[in-house]
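Beneath this line is the structure, given in structure tokens, with notes to follow.
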Amino acid sequence: METSIRLVLKDAASFLPCGAVEAFKPAVTAARQALEDGTCAGNDFLGWLHLPSSITPAFIDEINATAQTLRENCDAIVVAGIGGSYLGARAVIEALGNTFAWLRQDNGPVILFAGNNIGEDYLAELCDYLSTRRFGIINISKSGTTTETALAFRLLRAQCEAQRGKEEARRVIVAITDAKKGAARVTADKEGYKSFIIPDNVGGRFSVLTPVGLLPIACAGFDIAALVKGAADMEKACGTDVAFEDNIAMQYAAMRNALYQAGKKIEILANYQPKLHSMNEWWKQLYGESEGKDGKGIFPAAVDLTTDLHSMGQWIQAGERTIFETVISVEQPEHHVLFPHDDENLDGLNFLEGKRVDEVNKNAEAGTRLAHIDGGVPNLRIVMPRLDAYHLGQLIYFFEVGCGMSGLLLGVNPFDQPGVEAYKKNMFALLGKPGYEAQSEAIRKRIAE
């Protein structure tokens, strides 16, 4: 196995009674076995568990071939999807990409995202941007009826056909949807779009290593084979045959639950690399939607540091002590920039002259972690050797399997999301959707009050 991400627990364990984490060993070992045996709650959504090791070179070649067709025929590619249908892809693309690639014209097509909100201005401005560009669409929806995504796809499909003609549009519209049923499947089959299947046994927030994530990532020009290899290696490293003492996913799940029982109700995921902002967003959905049930669950929050030290830093340092922090630390950056000299030295920073910017950042990270620990915040640390496709694949699978075990330790079904439907029922009633007439009057009365 190549270099691997590591988990450092000592600055969190010191806040707990001796043996508190180890006490979870039997339960977390049983939870991991229950995932493996398919005997846990939500066992019809365990298709992600051995997904990395089941992806074949031929399947990766098919994804890459479709991506190449889009790259050759598009200046922009719009990924239409919401929740797990876009967050994982966006997280990887932004982590691996040039931060300012969207400003350049020599770096392949721009990857854009839609169908994740109902913002009229957002959609109008997106359509205006695309009006002078050759664009394609990756429509990601199991049902094809999710309001946000269906609305965006209606608008974008009509514009693509108007600008490129219906025949050419067929070549640059791809559907990722259910194998047999749903509006998106019907449309794809009728129009002859290239399509990929979302497996029935993989929920959206666990789907980044299916075509849902792999196709957009490949369209951005990144190495999906390395991403899958990293995930497959982490699948082995977190298997049932790996003991608790060597299994970082088991340790993470146990530590989270030990801290939760000790009154730490909020986990803050912190990074010191701006490229990881969307990874924070993917992680928040993964853990929030998996664990927030039955009046239980660690609240997943996230910060980008050092940026948010100038906004959230005060609260983290001295607010209510119901939090713990998980820091993603990247050992080796991809670039080399030295702190410059200034003759006048009005800012007083010439003492940093000649140091790598990353050295300054690493010391800011170390100093902040110590300050937070001294302020009463338990700190876990996930160390990534590099921010590359292989180690991102490891990180994704580590978080996924850790989430499954952590939810089972908490006593909830980590693989459903019944609470997501509540807002939809109210929205449909207010909009007058057929079948919701009975609720409409009562809801309007409550709002009026």
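FYI, nothing fancy with the structure tokens labels: chains A, B, ... in order, residues from 1 per chain, ligands from 1 as they appear.
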
### Message
Neighbouring residues of stretch 213-224 of chain A were defined as those with any atom within 6 Å, considering only C-alpha atoms; residues of the same chain fewer than 5 positions away were excluded. Please report them as number ranges by chain.
### Response
A: 63, 67, 89, 93, 208

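Residues surrounding A:Glu267 within 7 Å are Ile298, Phe299, Pro300, Ala301, Ile323, Phe324 and Glu325 of chain A [only C-alpha atoms; sequence separation below 4 positions excluded].
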
#### Entry: From A:Thr149, A:Val92, A:Thr322, A:Thr132, residue lying nearest A:Ala80 [only C-alpha atoms]
A:Thr149

#### Entry: Contacts of A:Met384 at 8 Å (only C-alpha atoms; same-chain gap of 3+ positions) as a ChimeraX atom specification
/A:4-6,328-331,387,391

### Distance criterion (only C-alpha atoms): nearest to A:Ala231 out of A:Gly47, A:Pro52, A:Gly19, A:Pro434
A:Pro52

### Message
as a count of residues only, please: the residues near A:Thr368 (cut-off 12 Å, only C-alpha atoms, same-chain neighbours under 6 positions excluded).
### Response
19

### Message
Applying 12 Å and only C-alpha atoms, which residues near A:Asp342 remain after dropping the ones on its own chain fewer than 5 positions away? List them as a list of chain:residue names.
### Response
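Listed by chain and then number, they are A:Asp347, A:Gly348, A:Leu349, A:Asn350, A:Phe351, A:Leu352, A:Glu353, A:Gly354.
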
### Query
So which one's closest to A:Leu49, A:Arg170, A:Lys229, A:Arg381, A:Lys236? Using only C-alpha atoms, please.
A:Lys236

### Task
Report the residues of stretch 71-150 of chain A whose backbone DSSP state falls under alpha helix (DSSP H), written as a PyMOL selection string.
chain A and resi 71-73+87-96+120-130+147-150
